Amino acid sequence: MTKHPDQAMTQSDNVTSPLIAFRNVGKQFIVKGEPLQAVHGIDLDVYEGEILTLVGPSGCGKSTLLNMAAGLFAPTEGEVFYRGSQVQPYNPAVGYMTQSDHLLPWRDVIGNIAIPLEIKGLSKSEISRRVEELMETVGLGGFGKSYPNQLSGGMRKRCALARLLAYDPETLLMDEPFAALDALLRMRMQIEIRDLCRRLNKTVMFVTHDLDEAVAIGDRCAVFTGRPGSIERIVDVPLAPDRNILHLRKDPDYRAITADLWEVLAPSIEQEL
Amino acid sequence: MTKHPDQAMTQSDNVTSPLIAFRNVGKQFIVKGEPLQAVHGIDLDVYEGEILTLVGPSGCGKSTLLNMAAGLFAPTEGEVFYRGSQVQPYNPAVGYMTQSDHLLPWRDVIGNIAIPLEIKGLSKSEISRRVEELMETVGLGGFGKSYPNQLSGGMRKRCALARLLAYDPETLLMDEPFAALDALLRMRMQIEIRDLCRRLNKTVMFVTHDLDEAVAIGDRCAVFTGRPGSIERIVDVPLAPDRNILHLRKDPDYRAITADLWEVLAPSIEQEL
Amino acid sequence: ADRVNFAMPSIGMLYLPVYVAEQMGYFADADIDANLQVFKAGGGTSMAAVLGGDMDVYIGSTSAALRAASQDTNAVIIGALMTQYASNVVMRGEFAKEKGLTESSTVEERLAALEGALIGVTGAGSGTHQLALYMLNEAGLDPERDATVVFVGGGSEILAAFSRDRIDAFTLSNPTSDTAIAQYNGFLLFNTAAGQLPALDGHLYISVNTRQQWIDENPEVAKRMMSAIQRAQVAMHDPAQTEAIRDKVYEAYFPKVEKSLFDQAWTAVLPAYPTSPHISREQMERVVTFLDTFSERKLDGLDIDAAYTNDMLEPATN
Amino acid sequence: MESLTKTRIWTYRVAFLAFVLISWELASGRIASEFFISRPSAIAEQFFAWVMSGTIFYHGAITLLQAVGGFLLGSVIGMCFGVWLGRAQLVAEVLDPFIMMFYSLPKVALAPLFVLWFGIGIDMKIYLTATIVFFLVFLNTYTGVRAVSREQVAILRLMGATERHVLFKVVLPSAITWVFTGLRLSVPYALIGSIVGELIASNRGLGYLLANSAGQFDTTGVFAALIGIMIMAFFLNATVKLLEIKSMPWRETNSSREMSI
Amino acid sequence: MESLTKTRIWTYRVAFLAFVLISWELASGRIASEFFISRPSAIAEQFFAWVMSGTIFYHGAITLLQAVGGFLLGSVIGMCFGVWLGRAQLVAEVLDPFIMMFYSLPKVALAPLFVLWFGIGIDMKIYLTATIVFFLVFLNTYTGVRAVSREQVAILRLMGATERHVLFKVVLPSAITWVFTGLRLSVPYALIGSIVGELIASNRGLGYLLANSAGQFDTTGVFAALIGIMIMAFFLNATVKLLEIKSMPWRETNSSREMSI
Ligand SMILES: Nc1ncnc2c1ncn2[C@@H]1O[C@H](COP(=O)(O)OP(=O)(O)OP(=O)(O)O)[C@@H](O)[C@H]1O
Ligand SMILES: Nc1ncnc2c1ncn2[C@@H]1O[C@H](COP(=O)(O)OP(=O)(O)OP(=O)(O)O)[C@@H](O)[C@H]1O
Ligand SMILES: [Mg+2]
Ligand SMILES: [Mg+2]
């Protein structure tokens, strides 16, 4: 894992200080001249090496939060810190798999996955070796020469995922990365990501609508309330860090937490039951 | 429900004859000059008034099947029939909510939902009344003047859903319509759709990766194998047509079918367990 | 051989001595390698090319050189090429009939006939334009109210407009005037090439112009060039040679023009050429007066004596 | 803040203009003879004189009329053709080389034919201008229509849209950036067309003023006429730009909105 | 099937051409005098004579050289400026009106300045052509660069891309349709520029041939020269089109692929 020199150890860089810190963050958009409060009063710490999952109603500002962590725009209130210093436009320490895939339509799968490697300046042969490897990982073997518009929805997502892995950043921001994958593949990918993080000490912010997934993959889970979004609760996931995701479905702890989350998120429905 | 006159009752239109019939359908794409078999040997009947869900690995050809039902392209083998006659380009009897939202970026939410109504030639006031109603249904109230690029991923999906409902077709093709919605909203939408079909006798082909959803919403569920896609099994869902989706999670039948599906779809994982 | 670059505004009957000197080998005899370039963009551009040093000699209207000379450039006129205002005036046959004109009408009658006419000229400020204004002035007509002067472009455009009766009269040199008369029932109002307009008889129309620097640096070349041109002017008027010369020029420069028409034009335009390029101060003054009659911008700053010189001509002809 | 950047832009523009004019004034008579480049002060004087006498308005109005007339005619036909051929691939393929070849003809060479067919009046100049404008608008519109997302068209077709619906609800809105680029490209050429038309045949208009000054080797007059043309170009361009902004409200939102990905 | 439609297209083209030529031949002398519109058979004869004598190749080569030279120069500068201003919004806003105004100037009016500064050789014609081409390529490139998806740029930026990476991996590929439209627009104007340059001053090139024929009222010669220009336009256009297809392989896939939504 390469650390960007301008990011490294600027201040009080001990174990307990968070890697990413949202401090009373709010974001207001202007829509047709009128202000629209997307999120407000967000206080959130993300620690190095952990997987933090974010769940919450559609439109509550999860993507907005990731955008701010990536430095796409600044919050209108509060501040976002990365390793103790305020996030500037285009935080190079993070890799971002966005909700829409944003693949380049004029490059085929190989070309799209190769972009971050080209930017890093790797050699041609090194690039094609890495790309080949990544395509296998996400199950796109044999589709290297297809253009994005010749892929299925799930395959596009996987291509974007491979691109993210090719970038190999310190921190991964993932916005519903597995939403378009079938259950089997999804589970494989979940295992892959957890494995990656444990092996290479990556930090992950992971947005999902699937509560099972949020619990299965996360070390902690932040639950949002609806618009304007704010954090309702941060739930610790007391599962072993080296949990076996394959077996979770029958784990009673897992089920308990999932049911718990359901209640936090959807009290209205639970009432109806 | 308005029936398109050119579609109505062409031949043997009795209760048992299917509304949509795939007869030994195969589809081959050409990618960079090389043939790519997307699906093959598909035999599938969809009956009027039922909800048929399709599940299967990513890239197995579910979207391709819907595209053929809509008449976007013809199969390379076999035939697709709608009400007994071969599907021609742009089957006007179906409404299609595609996997990507394909909203028109130069129209705001109101404008996008209004398109099918404008095509139908409704009056201005009628259109705005209907649009208002639909926005409430999908929970977009207050966002009428936002442009698609000012919406969250889930909100864009809901906008596309509202547009589909505005079109109000005889048959609905839905490609992962609820993938980007949170659990609560998703359940509301599932209820909405089932309700719609029962009330107005709509027919639905519904692609999803969520097995729970496939069972909860479906009358039958077609399970696909991987590439080249073919139908592995068609599972009947023996739940009551007027099932209460809210209560399903604790229904043992429901759980049994879901587990059953899991096994069909992901035997390898089940083995590992 | 010394190379001399000639800038010429078009290919036409107004520059015959240069063609003759070229075709008859007079330039070659004078050890000059002549390079003729066409500048359709007009006198100003041609003059600019000469003053800028890309071209050496501008064969064209005296007025262009005078304008340049009056505005702090070192343009200088070194010889007369044509000393008649050889833009003929042709009127629509019908129109002439209406006005009661015949072959024998007097100059005054002819001038008066221009009242109410739509007169086509090549371009604003061109020699044809000035001629039109001059005639209206002579006839006591107001060019703004009593007639309309329209700028129609080159010979083809004028003929096109004339053939469709869109203009009533035009002024242009041979062979356009001949064509209009022969093919479109034109009436020759004034044969200016033959000096039919008395006040313009002997007008210095086309001259040999250059920049002072060039003659300072190449006095010998300039003199040889002028003698070749003079030789051409003399030869053209020699009855023994003129037909042979005519046919040679025709072959080289006008093969597409109808031969009979060209012969006719040759005969018509010949009187407009002097037998010597010598310029008199009186000729210069007449040009200045003529220009000042119509132009908003007067040639105030012009030093006539500095603007022309006969020094490049052989003293014998003076 | 909006208006702040506006003022800033205008400040820079004025500074740039001043810089050009001062360099010119200084160069004139030093680097190049005044006969060729005149001098800004003299040009301004001449221009002012024309403004006072009304000359510039009289001639300008005619040029403007022709330019606008030709612009409208050419661009409307160009758009219609562009849309039509954009939707009818075969016809486009067949006609493409002829259109391109026709457009490579220098219009000046066709002047006699224009005079022959359309005379020497205002209509000739309007047709000439339209001919020039047509092509620029046509090719941009055509490309824009070809670039329309087939997916969006298909989606509308599935909703039972007729060709007319597809045209007005998808094709035109999505090709509009292209169309407007074509229009903006055409503004200068409309003026040039109008003026070239006047150079071919006329006794009024800015082209006449230009030719008249040029014929008298009056560089100052030439530049004063050019200033008139440039001012006209500025306003025509501003008009098209305004129209562009008005026709694409979502574009504005697009560029002023914050981006989320 | 591919080649089948190709033959079909060519059949239609030939039919169309034949129709035009036959109507022309019939009209000549009947509807309009041969003096003004000549006749195709005579033109073909003249053109053939020029081909046999090599005249057309001699003059054509020079015009082509100038057109291609000016085209390359103008389009390269136009692209660079377009990309630069497309990325530098403020500079673009400031310069925009000046560029537009400069482009509304009829180049013919500036002929004396061109001659003064660049002489009358081939280089003058190349500069003149480049001036004309520049604008068309510039404005299209500029619009193309402005239309680049900000999202895609942001994605690349997040991967640590420098401005150079952004330019070559996103901006240029996505603006390329625009650039090529600019280039295709410029092909005719490159030829026109080259010929107008020859009309300003020359003793060779197709423009000279044209002026020479016009000076002799030889309409047949004028049209034969125009035919030469048109043939040249056809090949230049075909070249640019070929280049366009080669530079955008994914486009081809796009239009020949079956669409799935
Ligand atoms: N660029 C923008 N301009 C204006 N409003 C925006 C913009 N981006 C997001 N919003 C608004 O901010 C709110 C939060 O959006 P965001 O995309 O963060 O939601 P989300 O939690 O990711 O939802 P989803 O689960 O549906 O993706 C929404 O109401 C949305 O309309
Ligand atoms: N237009 C196309 N051109 C070429 N190949 C295509 C095209 N559309 C789909 N394919 C290929 O056909 C196969 C099936 O694609 P399809 O989109 O139907 O899958 P899917 O079942 O919808 O997958 P997902 O669940 O990921 O959306 C894929 O391998 C894909 O690459
Ligand atoms: Mg989101
Ligand atoms: Mg799909």
# chains A, B, ... in the order shown; residues from 1 in each chain; ligands from 1
call {"tool": "calpha_fit_and_write", "arguments": {"fixed": "chain D", "moving": "chain E", "output": "mmCIF file with C-alpha atoms, in the first residue's frame"}}
result
data_model
loop_
_atom_site.group_PDB
_atom_site.id
_atom_site.type_symbol
_atom_site.label_atom_id
_atom_site.label_comp_id
_atom_site.auth_asym_id
_atom_site.auth_seq_id
_atom_site.Cartn_x
_atom_site.Cartn_y
_atom_site.Cartn_z
ATOM 1 C CA MET E 1 -20.858 36.745 -7.353
ATOM 2 C CA GLU E 2 -22.572 36.196 -10.709
ATOM 3 C CA SER E 3 -22.373 39.874 -11.563
ATOM 4 C CA LEU E 4 -18.895 40.121 -10.086
ATOM 5 C CA THR E 5 -17.441 37.742 -12.677
ATOM 6 C CA LYS E 6 -19.425 39.608 -15.326
ATOM 7 C CA THR E 7 -17.704 42.859 -14.413
ATOM 8 C CA ARG E 8 -14.392 41.083 -14.306
ATOM 9 C CA ILE E 9 -14.908 39.666 -17.765
ATOM 10 C CA TRP E 10 -15.821 43.065 -19.117
ATOM 11 C CA THR E 11 -12.829 44.665 -17.495
ATOM 12 C CA TYR E 12 -10.546 42.170 -19.165
ATOM 13 C CA ARG E 13 -12.279 42.688 -22.479
ATOM 14 C CA VAL E 14 -11.874 46.424 -22.327
ATOM 15 C CA ALA E 15 -8.237 46.026 -21.299
ATOM 16 C CA PHE E 16 -7.608 43.682 -24.194
ATOM 17 C CA LEU E 17 -9.303 46.031 -26.630
ATOM 18 C CA ALA E 18 -7.346 48.997 -25.317
ATOM 19 C CA PHE E 19 -4.115 47.053 -25.675
ATOM 20 C CA VAL E 20 -4.860 46.190 -29.302
ATOM 21 C CA LEU E 21 -5.900 49.728 -30.181
ATOM 22 C CA ILE E 22 -2.903 51.349 -28.545
ATOM 23 C CA SER E 23 -0.461 48.969 -30.229
ATOM 24 C CA TRP E 24 -2.158 49.696 -33.518
ATOM 25 C CA GLU E 25 -2.009 53.437 -32.990
ATOM 26 C CA LEU E 26 1.666 53.181 -32.181
ATOM 27 C CA ALA E 27 2.482 50.848 -35.028
ATOM 28 C CA SER E 28 0.764 53.023 -37.558
ATOM 29 C CA GLY E 29 3.297 55.121 -39.432
ATOM 30 C CA ARG E 30 6.142 53.398 -37.640
ATOM 31 C CA ILE E 31 5.966 49.702 -38.431
ATOM 32 C CA ALA E 32 3.619 50.000 -41.371
ATOM 33 C CA SER E 33 2.561 52.937 -43.462
ATOM 34 C CA GLU E 34 -0.643 54.667 -42.457
ATOM 35 C CA PHE E 35 -1.735 54.259 -46.043
ATOM 36 C CA PHE E 36 -2.218 50.558 -45.433
ATOM 37 C CA ILE E 37 -3.217 50.221 -41.799
ATOM 38 C CA SER E 38 -4.644 53.670 -41.064
ATOM 39 C CA ARG E 39 -4.827 54.518 -37.365
ATOM 40 C CA PRO E 40 -7.520 53.909 -34.744
ATOM 41 C CA SER E 41 -8.031 57.582 -33.972
ATOM 42 C CA ALA E 42 -8.652 58.418 -37.625
ATOM 43 C CA ILE E 43 -10.950 55.422 -37.978
ATOM 44 C CA ALA E 44 -12.927 56.424 -34.916
ATOM 45 C CA GLU E 45 -13.249 59.918 -36.291
ATOM 46 C CA GLN E 46 -14.493 58.659 -39.645
ATOM 47 C CA PHE E 47 -16.878 56.252 -37.977
ATOM 48 C CA PHE E 48 -18.232 58.999 -35.771
ATOM 49 C CA ALA E 49 -18.732 61.229 -38.787
ATOM 50 C CA TRP E 50 -20.715 58.448 -40.424
ATOM 51 C CA VAL E 51 -22.770 58.009 -37.288
ATOM 52 C CA MET E 52 -23.552 61.712 -37.168
ATOM 53 C CA SER E 53 -24.496 61.847 -40.824
ATOM 54 C CA GLY E 54 -26.520 58.655 -40.514
ATOM 55 C CA THR E 55 -24.547 57.068 -43.360
ATOM 56 C CA ILE E 56 -23.610 54.070 -41.284
ATOM 57 C CA PHE E 57 -27.206 53.452 -40.273
ATOM 58 C CA TYR E 58 -28.487 53.676 -43.800
ATOM 59 C CA HIS E 59 -25.899 51.274 -45.182
ATOM 60 C CA GLY E 60 -25.799 49.145 -42.058
ATOM 61 C CA ALA E 61 -29.545 48.613 -42.079
ATOM 62 C CA ILE E 62 -29.449 47.151 -45.561
ATOM 63 C CA THR E 63 -26.543 44.858 -44.818
ATOM 64 C CA LEU E 64 -28.229 43.780 -41.610
ATOM 65 C CA LEU E 65 -31.499 43.105 -43.394
ATOM 66 C CA GLN E 66 -29.738 40.915 -45.917
ATOM 67 C CA ALA E 67 -27.636 39.154 -43.318
ATOM 68 C CA VAL E 68 -30.584 38.414 -41.067
ATOM 69 C CA GLY E 69 -32.806 37.434 -43.981
ATOM 70 C CA GLY E 70 -30.196 35.098 -45.400
ATOM 71 C CA PHE E 71 -29.382 33.773 -41.971
ATOM 72 C CA LEU E 72 -32.987 32.921 -41.208
ATOM 73 C CA LEU E 73 -33.649 31.402 -44.615
ATOM 74 C CA GLY E 74 -30.415 29.433 -44.718
ATOM 75 C CA SER E 75 -30.588 28.227 -41.169
ATOM 76 C CA VAL E 76 -34.212 27.140 -41.337
ATOM 77 C CA ILE E 77 -33.585 25.179 -44.517
ATOM 78 C CA GLY E 78 -30.303 23.901 -43.102
ATOM 79 C CA MET E 79 -32.014 22.664 -39.961
ATOM 80 C CA CYS E 80 -34.835 21.010 -41.870
ATOM 81 C CA PHE E 81 -32.411 19.281 -44.196
ATOM 82 C CA GLY E 82 -30.152 18.356 -41.332
ATOM 83 C CA VAL E 83 -32.999 16.796 -39.409
ATOM 84 C CA TRP E 84 -34.370 15.067 -42.462
ATOM 85 C CA LEU E 85 -31.085 13.604 -43.634
ATOM 86 C CA GLY E 86 -30.130 12.834 -40.058
ATOM 87 C CA ARG E 87 -33.161 10.581 -39.850
ATOM 88 C CA ALA E 88 -32.906 9.230 -43.412
ATOM 89 C CA GLN E 89 -29.525 7.581 -43.496
ATOM 90 C CA LEU E 90 -29.606 6.326 -47.071
ATOM 91 C CA VAL E 91 -30.535 9.651 -48.645
ATOM 92 C CA ALA E 92 -27.826 11.259 -46.557
ATOM 93 C CA GLU E 93 -25.192 8.809 -47.786
ATOM 94 C CA VAL E 94 -26.243 9.380 -51.370
ATOM 95 C CA LEU E 95 -26.330 13.166 -51.211
ATOM 96 C CA ASP E 96 -23.357 13.741 -48.908
ATOM 97 C CA PRO E 97 -20.620 14.027 -51.548
ATOM 98 C CA PHE E 98 -22.716 16.294 -53.714
ATOM 99 C CA ILE E 99 -23.463 18.646 -50.884
ATOM 100 C CA MET E 100 -19.801 18.752 -49.918
ATOM 101 C CA MET E 101 -18.724 19.294 -53.493
ATOM 102 C CA PHE E 102 -21.256 22.006 -54.076
ATOM 103 C CA TYR E 103 -20.008 23.743 -50.989
ATOM 104 C CA SER E 104 -16.420 23.724 -52.067
ATOM 105 C CA LEU E 105 -17.292 25.970 -54.969
ATOM 106 C CA PRO E 106 -16.131 29.513 -54.382
ATOM 107 C CA LYS E 107 -19.385 31.464 -54.449
ATOM 108 C CA VAL E 108 -17.620 34.349 -56.154
ATOM 109 C CA ALA E 109 -17.095 32.171 -59.191
ATOM 110 C CA LEU E 110 -20.814 31.571 -59.327
ATOM 111 C CA ALA E 111 -21.611 35.284 -59.162
ATOM 112 C CA PRO E 112 -22.747 35.540 -62.783
ATOM 113 C CA LEU E 113 -25.194 32.694 -62.262
ATOM 114 C CA PHE E 114 -26.537 34.260 -59.113
ATOM 115 C CA VAL E 115 -27.023 37.542 -60.894
ATOM 116 C CA LEU E 116 -28.624 35.819 -63.841
ATOM 117 C CA TRP E 117 -31.088 33.875 -61.715
ATOM 118 C CA PHE E 118 -31.795 36.147 -58.818
ATOM 119 C CA GLY E 119 -31.018 39.555 -60.221
ATOM 120 C CA ILE E 120 -29.050 42.103 -58.282
ATOM 121 C CA GLY E 121 -31.557 43.188 -55.685
ATOM 122 C CA ILE E 122 -31.725 42.426 -52.003
ATOM 123 C CA ASP E 123 -33.111 38.994 -52.727
ATOM 124 C CA MET E 124 -29.942 37.941 -54.555
ATOM 125 C CA LYS E 125 -27.880 38.835 -51.519
ATOM 126 C CA ILE E 126 -30.285 37.023 -49.252
ATOM 127 C CA TYR E 127 -30.070 33.896 -51.380
ATOM 128 C CA LEU E 128 -26.298 34.096 -51.509
ATOM 129 C CA THR E 129 -26.101 34.458 -47.741
ATOM 130 C CA ALA E 130 -28.604 31.663 -47.264
ATOM 131 C CA THR E 131 -26.496 29.399 -49.465
ATOM 132 C CA ILE E 132 -23.485 29.961 -47.280
ATOM 133 C CA VAL E 133 -25.348 29.664 -43.989
ATOM 134 C CA PHE E 134 -27.249 26.579 -45.073
ATOM 135 C CA PHE E 135 -24.185 24.382 -45.198
ATOM 136 C CA LEU E 136 -22.827 25.284 -41.790
ATOM 137 C CA VAL E 137 -26.158 24.805 -40.088
ATOM 138 C CA PHE E 138 -26.952 21.725 -42.101
ATOM 139 C CA LEU E 139 -23.782 19.806 -41.295
ATOM 140 C CA ASN E 140 -23.931 20.606 -37.593
ATOM 141 C CA THR E 141 -27.618 19.766 -37.325
ATOM 142 C CA TYR E 142 -27.074 16.582 -39.261
ATOM 143 C CA THR E 143 -24.281 15.473 -36.952
ATOM 144 C CA GLY E 144 -26.362 16.409 -33.938
ATOM 145 C CA VAL E 145 -29.292 14.353 -35.118
ATOM 146 C CA ARG E 146 -27.033 11.411 -35.879
ATOM 147 C CA ALA E 147 -25.619 11.662 -32.365
ATOM 148 C CA VAL E 148 -29.003 11.375 -30.689
ATOM 149 C CA SER E 149 -29.127 8.459 -28.302
ATOM 150 C CA ARG E 150 -30.852 5.569 -30.026
ATOM 151 C CA GLU E 151 -31.880 4.311 -26.624
ATOM 152 C CA GLN E 152 -33.874 7.421 -25.836
ATOM 153 C CA VAL E 153 -35.574 7.229 -29.205
ATOM 154 C CA ALA E 154 -36.427 3.565 -28.603
ATOM 155 C CA ILE E 155 -37.883 4.359 -25.181
ATOM 156 C CA LEU E 156 -40.183 6.910 -26.735
ATOM 157 C CA ARG E 157 -41.110 4.612 -29.581
ATOM 158 C CA LEU E 158 -42.144 2.011 -27.045
ATOM 159 C CA MET E 159 -44.538 4.541 -25.590
ATOM 160 C CA GLY E 160 -46.214 4.688 -28.976
ATOM 161 C CA ALA E 161 -44.546 7.929 -30.074
ATOM 162 C CA THR E 162 -44.934 8.902 -33.710
ATOM 163 C CA GLU E 163 -42.033 10.245 -35.756
ATOM 164 C CA ARG E 164 -43.269 13.737 -34.921
ATOM 165 C CA HIS E 165 -43.162 13.043 -31.205
ATOM 166 C CA VAL E 166 -39.707 11.547 -31.478
ATOM 167 C CA LEU E 167 -38.559 14.577 -33.389
ATOM 168 C CA PHE E 168 -39.855 17.195 -31.014
ATOM 169 C CA LYS E 169 -39.366 15.411 -27.733
ATOM 170 C CA VAL E 170 -36.011 13.725 -28.258
ATOM 171 C CA VAL E 171 -34.204 14.523 -31.478
ATOM 172 C CA LEU E 172 -34.461 18.293 -31.451
ATOM 173 C CA PRO E 173 -33.822 18.855 -27.737
ATOM 174 C CA SER E 174 -30.795 16.612 -27.771
ATOM 175 C CA ALA E 175 -29.397 18.015 -31.030
ATOM 176 C CA ILE E 176 -29.903 21.575 -29.943
ATOM 177 C CA THR E 177 -26.335 22.197 -28.799
ATOM 178 C CA TRP E 178 -25.194 21.134 -32.235
ATOM 179 C CA VAL E 179 -27.757 23.282 -33.973
ATOM 180 C CA PHE E 180 -26.713 26.312 -31.992
ATOM 181 C CA THR E 181 -23.073 25.735 -32.715
ATOM 182 C CA GLY E 182 -24.033 25.695 -36.372
ATOM 183 C CA LEU E 183 -25.926 28.919 -35.902
ATOM 184 C CA ARG E 184 -23.054 30.589 -34.092
ATOM 185 C CA LEU E 185 -20.696 29.473 -36.842
ATOM 186 C CA SER E 186 -23.058 31.033 -39.339
ATOM 187 C CA VAL E 187 -23.329 34.486 -37.841
ATOM 188 C CA PRO E 188 -20.008 35.718 -39.241
ATOM 189 C CA TYR E 189 -20.651 34.037 -42.530
ATOM 190 C CA ALA E 190 -24.088 35.607 -42.828
ATOM 191 C CA LEU E 191 -22.435 38.992 -42.621
ATOM 192 C CA ILE E 192 -19.684 37.978 -44.998
ATOM 193 C CA GLY E 193 -22.249 36.603 -47.428
ATOM 194 C CA SER E 194 -24.255 39.772 -47.306
ATOM 195 C CA ILE E 195 -21.164 41.848 -47.947
ATOM 196 C CA VAL E 196 -19.820 39.635 -50.695
ATOM 197 C CA GLY E 197 -23.261 39.942 -52.265
ATOM 198 C CA GLU E 198 -22.890 43.687 -52.112
ATOM 199 C CA LEU E 199 -19.472 43.470 -53.648
ATOM 200 C CA ILE E 200 -20.954 41.538 -56.545
ATOM 201 C CA ALA E 201 -23.383 44.318 -57.257
ATOM 202 C CA SER E 202 -24.824 47.146 -55.259
ATOM 203 C CA ASN E 203 -25.002 50.809 -54.572
ATOM 204 C CA ARG E 204 -25.663 50.636 -50.869
ATOM 205 C CA GLY E 205 -24.832 48.557 -47.823
ATOM 206 C CA LEU E 206 -21.611 48.275 -45.872
ATOM 207 C CA GLY E 207 -20.085 46.239 -48.686
ATOM 208 C CA TYR E 208 -20.630 49.154 -51.017
ATOM 209 C CA LEU E 209 -19.140 51.501 -48.455
ATOM 210 C CA LEU E 210 -16.177 49.177 -48.269
ATOM 211 C CA ALA E 211 -15.734 48.924 -52.023
ATOM 212 C CA ASN E 212 -16.218 52.629 -52.385
ATOM 213 C CA SER E 213 -13.535 53.407 -49.819
ATOM 214 C CA ALA E 214 -11.203 50.819 -51.309
ATOM 215 C CA GLY E 215 -11.732 52.314 -54.756
ATOM 216 C CA GLN E 216 -10.518 55.628 -53.391
ATOM 217 C CA PHE E 217 -7.581 54.099 -51.518
ATOM 218 C CA ASP E 218 -9.227 55.348 -48.346
ATOM 219 C CA THR E 219 -7.979 52.762 -45.844
ATOM 220 C CA THR E 220 -9.533 54.699 -42.990
ATOM 221 C CA GLY E 221 -12.918 54.348 -44.650
ATOM 222 C CA VAL E 222 -12.320 50.643 -45.238
ATOM 223 C CA PHE E 223 -11.574 50.091 -41.575
ATOM 224 C CA ALA E 224 -14.484 52.245 -40.457
ATOM 225 C CA ALA E 225 -16.776 50.082 -42.587
ATOM 226 C CA LEU E 226 -15.179 46.992 -41.073
ATOM 227 C CA ILE E 227 -15.851 48.391 -37.616
ATOM 228 C CA GLY E 228 -19.478 48.696 -38.585
ATOM 229 C CA ILE E 229 -19.470 45.071 -39.647
ATOM 230 C CA MET E 230 -17.782 44.004 -36.429
ATOM 231 C CA ILE E 231 -20.255 45.819 -34.239
ATOM 232 C CA MET E 232 -23.055 44.173 -36.128
ATOM 233 C CA ALA E 233 -21.381 40.797 -35.681
ATOM 234 C CA PHE E 234 -21.104 41.420 -31.967
ATOM 235 C CA PHE E 235 -24.799 42.068 -31.574
ATOM 236 C CA LEU E 236 -25.906 39.253 -33.820
ATOM 237 C CA ASN E 237 -23.657 36.888 -31.923
ATOM 238 C CA ALA E 238 -24.988 38.109 -28.594
ATOM 239 C CA THR E 239 -28.532 37.557 -29.840
ATOM 240 C CA VAL E 240 -27.833 33.990 -30.864
ATOM 241 C CA LYS E 241 -26.132 33.331 -27.547
ATOM 242 C CA LEU E 242 -29.083 34.688 -25.643
ATOM 243 C CA LEU E 243 -31.427 32.550 -27.673
ATOM 244 C CA GLU E 244 -29.213 29.575 -26.966
ATOM 245 C CA ILE E 245 -29.430 30.077 -23.225
ATOM 246 C CA LYS E 246 -33.183 30.608 -23.393
ATOM 247 C CA SER E 247 -33.687 27.429 -25.411
ATOM 248 C CA MET E 248 -31.680 25.242 -23.076
ATOM 249 C CA PRO E 249 -32.695 25.987 -19.503
ATOM 250 C CA TRP E 250 -31.406 22.620 -18.339
ATOM 251 C CA ARG E 251 -27.946 23.487 -19.644
ATOM 252 C CA GLU E 252 -27.703 26.422 -17.344
ATOM 253 C CA THR E 253 -28.699 24.232 -14.444
ATOM 254 C CA ASN E 254 -26.090 21.850 -15.676
ATOM 255 C CA SER E 255 -23.209 24.244 -15.552
ATOM 256 C CA SER E 256 -24.195 26.119 -12.420
ATOM 257 C CA ARG E 257 -25.333 23.138 -10.420
ATOM 258 C CA GLU E 258 -22.987 21.285 -8.189
ATOM 259 C CA MET E 259 -22.055 17.974 -9.614
ATOM 260 C CA SER E 260 -22.733 14.772 -7.737
ATOM 261 C CA ILE E 261 -21.571 11.455 -9.121
#
call {"tool": "select_by_dssp", "arguments": {"residues": "segment 122-246 of chain D", "states": "alpha helix (DSSP H)", "output": "PyMOL selection string"}}
result
chain D and resi 122-146+150-158+163-166+172-200+206-215+219-246
call {"tool": "residues_near_ligand", "arguments": {"ligand": "ligand 1", "cutoff": "8 Å", "atoms": "only C-alpha atoms and all ligand atoms", "output": "PyMOL selection string"}}
result
(chain A and resi 28-31+36-39+56-65+99+175+208-209+227-229) or (chain B and resi 143+146+149-156+180-182) or (chain D and resi 257-261)
call {"tool": "residues_around", "arguments": {"residues": "Pro17 of chain C", "least_positions_apart": "5", "cutoff": "12 Å", "atoms": "only C-alpha atoms", "output": "PyMOL selection string"}}
result
chain C and resi 12+22-27+59+80-82+206-208+225-237+242+245-246+249+266+269-270+272-277
